[in-house]
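Take a look at the structure set out below.
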Amino acid sequence: MSFVEVRNVSHSFGSENVLNQIQLSVEKGKIFGLLGPSGAGKTTLVNMMIGILTPNRGEIYIDSKKVPSFDVIDMTGYMAQSDALYQELTARENLEFIGSIYGLKSSDLKKRINAVMETVNLIDHLDKPVEKYSGGMKRRLSLATALLHEPKLLILDEPTVGIDPVLRKEIWDEFRNLQRNGITIIVTTHVMDEAEKCDELGLLRDGVLMAQGSPSELKEEYQSDSIEDVFLSVGGVK
Amino acid sequence: MRVFAIVKRIARQMKRDRRSLALMMIAPLFVLTLIWLVVDGDDYEPKIVYDNLPDPIVESLEEHTGELTTGSEEEAVQLMQDGEYDAYLSIDDQAPHILLEGSEPSINSAVMRAVQDSLKSFDSSSQLNEHVVEYLYGSAELNLFDRIGPVLIGFFVFFFVFILGGISFLRERTHGTLEKLLSTPIRRWELVSGYVLGFGFFTIIQSLFIVTFAIYVLDMYMVGLFWELLLVTILLAMTALSLATLLSTFAKNEFQIMQFIPIVIIPQVFFAGLFNLETLDQWIQVISKFMPLTYGAEALQQMMIRGAHIQDVWFEILVLLCFAFVFFVLNIRVLRGHRTL
């Protein structure tokens, strides 16, 4: 069984079908990109993986445990599309809060806070209230809260929106770093050049998983030069 | 301890948000003072024009009125039209004749009282059976402010906790932090408990502020025990808080929280004892039985005016506890919509 297994998941909000028979698997230690335009159902799918949304049909297994499960939650770090930070509090206070929810001891917590803030390059802004942060800084702090408890699985919903290219590269370098430590990463994106950096891709459109494979496999299969072209081909535009 | 983490976070947020803290602590004192200024004034002394009255009555009238002058009925009507006098009194055919200005009920009754008191003292027979008045509860000094005071205390505690608690939990949802929290190992009951305890801490301080201020500064009538009073207000605050977080689920933004005020808060004020409901139809009285503030205000009134103790108002306290418990459980249930675990 793969590390993450999505089996036959369908979901609808009211009469609107958002996911249709999704079937996918992610191997341990890979960076998996969920690529698709907005409204394709990416967020819905990752929310199901964390367990904050239960699918109408189908099931999801992570590390052989059926979602939702506190075992899975304990080892997963989640970064939502919205920054999910307490604006009045400083970065340190935000991290202390999330850390104590995960049950980190205060000495550990201090070390981890410094470590993750180094990682996202915000160590100099540790005691600044979040409301004074810029958009990109909030994004990075959000990522830091997801890394705090050293998760085995990272689920990141559009992590690099509003982040400049230099920093985006740094963040992707960090993903590679985490990957070397055996962490599995699932990331949603609608940016094509980010997609090229993933080990595996799932192309999602209108709630249907249209193709899955590594970027090179996909390009070969659809005889295209870029993932963008692949996307257009499967979408039936070309 | 995850509950404690939430408590600590709420305390830190409140500390940063000075204005909200002031709203919770100072605003009730301000409004209470305003009401005290308006309601706690001295009795109104009516201004009366008289004509053709025996001297003893005029002397007695002088004691009971603010201004007294003599004049014909036509002159009196002119003065009343100008808004300078409230009534005209004369004796026609052995019977007193009163013409009231009439547009303000409280002034009308003040005039009637003054006239009756004056005529009574003129009637020598009534002097013989001067009646003795004693009070089982309260005293002759007990006025409107003392009577509605306990209701007001209950109302302010309820109102401000409801607004702050509701908006704060709503923000948790709209800013995505609730989603983030539910992606962590926190249990749903821990989240709700954290909120109740976190805000509970501030509601204790708030209750202390309001009760102390009302009793020691505004001199509200109070014969009960201070700490027992505090216990009821805290319980009422807990009920308001758990109701607010529950209802915030049905609001999309802060404005929609405000929309709960006329639906949830205002009716409670009317039905909770600000006005005497006993003369109303049975079915209206039944409505008040579904409102937490009814029980909180009743317990406070019993304590402050009649000196009741916890054991005397055990039923009201029990009902409040039930309200708070039911809202608490419903909160945990509602969070299932976000995460079934």
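Ordered as shown in the structure tokens, chains take letters A, B, and onward, while each chain numbers its residues from 1 and ligands are numbered from 1 in the order shown.
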Within 10 Å of chain A: residues of chain B, using only C-alpha atoms, as a ChimeraX atom specification: /B:1-6,8-9,12-17,171-187,336-341
Those residues you just picked out, can you put them in a file as a short mmCIF file (atom, residue, chain, number, x, y, z; two decimals), in the first residue's frame with C-alpha atoms?
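Now in result.cif:
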```cif
data_model
loop_
_atom_site.label_atom_id
_atom_site.label_comp_id
_atom_site.auth_asym_id
_atom_site.auth_seq_id
_atom_site.Cartn_x
_atom_site.Cartn_y
_atom_site.Cartn_z
CA MET B 1 -2.68 20.86 28.18
CA ARG B 2 -4.51 21.97 25.05
CA VAL B 3 -7.42 23.64 26.84
CA PHE B 4 -4.95 25.79 28.68
CA ALA B 5 -3.17 26.68 25.42
CA ILE B 6 -6.44 28.14 24.13
CA LYS B 8 -3.61 31.51 27.22
CA ARG B 9 -4.05 32.53 23.61
CA ARG B 12 -3.02 37.31 25.01
CA GLN B 13 -5.38 38.39 22.24
CA MET B 14 -7.59 40.29 24.67
CA LYS B 15 -4.57 41.98 26.19
CA ARG B 16 -3.60 43.26 22.75
CA ASP B 17 -7.11 44.36 21.84
CA ARG B 171 -13.32 35.26 13.34
CA GLU B 172 -11.83 31.91 14.15
CA ARG B 173 -13.92 30.54 11.31
CA THR B 174 -13.63 33.33 8.76
CA HIS B 175 -9.86 33.75 9.22
CA GLY B 176 -9.28 30.06 8.67
CA THR B 177 -7.80 29.48 12.10
CA LEU B 178 -10.62 27.13 13.06
CA GLU B 179 -9.76 24.96 10.06
CA LYS B 180 -6.11 25.10 11.03
CA LEU B 181 -6.95 24.14 14.61
CA LEU B 182 -9.04 21.21 13.46
CA SER B 183 -6.09 19.96 11.42
CA THR B 184 -4.24 19.61 14.74
CA PRO B 185 -4.82 16.90 17.36
CA ILE B 186 -7.07 19.17 19.43
CA ARG B 187 -10.32 17.49 20.47
CA ARG B 336 -18.71 17.91 13.81
CA GLY B 337 -19.64 19.70 10.62
CA HIS B 338 -15.97 20.62 10.32
CA ARG B 339 -14.39 17.43 11.54
CA THR B 340 -16.24 14.28 12.47
CA LEU B 341 -13.47 13.07 14.75
#
```
Residue contacts of segment 70-77 of chain B (12 Å, only C-alpha atoms) excluding same-chain residues fewer than 5 positions away, as a VMD selection string: chain B and resid 47 to 53 55 58 61 to 62 82 to 92 97 to 102
Atomic separation - atom CA of Leu34 of chain A relative to atom CA of Ser10 of chain A, Å: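 Rounded to one decimal, the two atoms are 16.5 Å apart.
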Filtered DSSP result for segment 89-323 of chain B, state alpha helix (DSSP H), as a PyMOL selection string: chain B and resi 105-122+144-174+177-182+188-212+226-248+254-258+260+266-269+282-288+292-306+314-323
Distance query segment 178-182 of chain A at most 8 Å, only C-alpha atoms, self and fewer than 3 positions along chain excluded, as number ranges by chain: A: 28-31, 152, 174-175, 185
Kindly export the residues of the current selection with N, CA, C and O atoms, as an mmCIF file, in the first residue's frame.
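Listing of selection09.cif after writing:
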```cif
data_model
loop_
_atom_site.group_PDB
_atom_site.id
_atom_site.type_symbol
_atom_site.label_atom_id
_atom_site.label_comp_id
_atom_site.auth_asym_id
_atom_site.auth_seq_id
_atom_site.Cartn_x
_atom_site.Cartn_y
_atom_site.Cartn_z
ATOM 1 N N LYS A 28 5.863 7.176 -0.353
ATOM 2 C CA LYS A 28 6.555 7.834 0.747
ATOM 3 C C LYS A 28 7.777 8.595 0.223
ATOM 4 O O LYS A 28 8.509 8.118 -0.642
ATOM 5 N N GLY A 29 7.974 9.799 0.728
ATOM 6 C CA GLY A 29 9.165 10.568 0.405
ATOM 7 C C GLY A 29 9.101 11.321 -0.908
ATOM 8 O O GLY A 29 10.100 11.882 -1.349
ATOM 9 N N LYS A 30 7.955 11.328 -1.545
ATOM 10 C CA LYS A 30 7.822 12.047 -2.818
ATOM 11 C C LYS A 30 7.223 13.444 -2.603
ATOM 12 O O LYS A 30 6.542 13.687 -1.614
ATOM 13 N N ILE A 31 7.482 14.289 -3.580
ATOM 14 C CA ILE A 31 6.740 15.543 -3.623
ATOM 15 C C ILE A 31 5.660 15.383 -4.680
ATOM 16 O O ILE A 31 5.953 15.198 -5.865
ATOM 17 N N LYS A 152 5.536 14.018 9.309
ATOM 18 C CA LYS A 152 6.042 13.091 8.288
ATOM 19 C C LYS A 152 5.393 13.382 6.950
ATOM 20 O O LYS A 152 5.905 12.983 5.904
ATOM 21 N N GLU A 174 13.825 24.263 0.255
ATOM 22 C CA GLU A 174 13.517 23.721 1.574
ATOM 23 C C GLU A 174 12.664 22.450 1.459
ATOM 24 O O GLU A 174 12.870 21.484 2.194
ATOM 25 N N PHE A 175 11.734 22.446 0.507
ATOM 26 C CA PHE A 175 10.936 21.230 0.281
ATOM 27 C C PHE A 175 11.852 20.057 -0.034
ATOM 28 O O PHE A 175 11.680 18.946 0.463
ATOM 29 N N ILE A 185 5.474 15.182 0.731
ATOM 30 C CA ILE A 185 4.840 16.484 0.587
ATOM 31 C C ILE A 185 3.762 16.431 -0.487
ATOM 32 O O ILE A 185 4.015 15.962 -1.604
#
```
Non-local contacts of Ser168 of chain B (9 Å; only C-alpha atoms; under 4 positions in same chain excluded) as a ChimeraX atom specification: /B:163-164,172,245,248
Which of segment 76-209 of chain A fall in strand (DSSP E or B), as a PyMOL selection string: chain A and resi 76-79+90+129+153-157+184-189+200-205+208-209
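Atom CA of Gly307 of chain B is positioned 23.1 Å from atom CA of Lys289 of chain B.
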Separation of atom CA of Met117 of chain A from atom CA of Val7 of chain B, in Å and rounded to one decimal: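 Atom-to-atom, atom CA of Met117 of chain A to atom CA of Val7 of chain B, that is 24.6 Å.
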Surrounding residues of Met1 of chain A excluding itself and chain neighbours under 5 positions, 10 Å, only C-alpha atoms, as a list in words: Ser25, Val26, Glu27, Tyr61, Ile62, Asp63 and Ser64 of chain A
Non-local contacts of Asn253 of chain B (8 Å; only C-alpha atoms; under 2 positions in same chain excluded) as a PyMOL selection string: chain B and resi 170+174+251+255-257
Put those residues in a file: all heavy atoms, as a compact mmCIF listing (two decimals), in the first residue's frame.
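Written out: selection-v2.txt:
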```
# COMPACT_ATOMS: atom_id res chain seq x y z
N LEU B 170 -16.50 33.71 15.59
CA LEU B 170 -16.76 33.86 14.16
C LEU B 170 -15.45 34.11 13.40
O LEU B 170 -15.20 33.54 12.35
CB LEU B 170 -17.70 35.04 13.94
CG LEU B 170 -17.88 35.41 12.47
CD1 LEU B 170 -19.13 34.79 11.92
CD2 LEU B 170 -17.90 36.90 12.26
N THR B 174 -13.83 32.60 10.02
CA THR B 174 -13.63 33.33 8.76
C THR B 174 -12.15 33.55 8.46
O THR B 174 -11.78 33.68 7.31
CB THR B 174 -14.35 34.70 8.79
OG1 THR B 174 -13.91 35.41 9.95
CG2 THR B 174 -15.84 34.55 8.84
N ALA B 251 -23.64 32.69 11.35
CA ALA B 251 -23.34 34.02 10.83
C ALA B 251 -22.16 33.94 9.88
O ALA B 251 -21.22 33.18 10.11
CB ALA B 251 -23.03 34.97 11.98
N PHE B 255 -21.32 41.54 10.79
CA PHE B 255 -22.61 42.21 10.67
C PHE B 255 -23.75 41.24 10.99
O PHE B 255 -24.74 41.61 11.61
CB PHE B 255 -22.77 42.80 9.27
CG PHE B 255 -24.07 43.53 9.08
CD1 PHE B 255 -24.41 44.58 9.92
CD2 PHE B 255 -24.94 43.17 8.08
CE1 PHE B 255 -25.61 45.25 9.76
CE2 PHE B 255 -26.14 43.84 7.91
CZ PHE B 255 -26.48 44.87 8.75
N GLN B 256 -23.58 40.00 10.56
CA GLN B 256 -24.64 39.03 10.82
C GLN B 256 -24.70 38.65 12.30
O GLN B 256 -25.75 38.22 12.78
CB GLN B 256 -24.45 37.79 9.94
CG GLN B 256 -24.72 38.12 8.47
CD GLN B 256 -24.90 36.88 7.61
OE1 GLN B 256 -24.56 35.78 8.01
NE2 GLN B 256 -25.41 37.08 6.41
N ILE B 257 -23.60 38.83 13.02
CA ILE B 257 -23.65 38.65 14.48
C ILE B 257 -24.52 39.75 15.07
O ILE B 257 -25.36 39.51 15.94
CB ILE B 257 -22.23 38.74 15.09
CG1 ILE B 257 -21.37 37.56 14.65
CG2 ILE B 257 -22.31 38.81 16.63
CD1 ILE B 257 -21.54 36.31 15.45
```
Nearby residues (only C-alpha atoms) at most 9 Å from Thr249 of chain B, same-chain spacing under 3 positions excluded, as a PyMOL selection string: chain B and resi 166+169-170+173+244-246+252+331+334-335
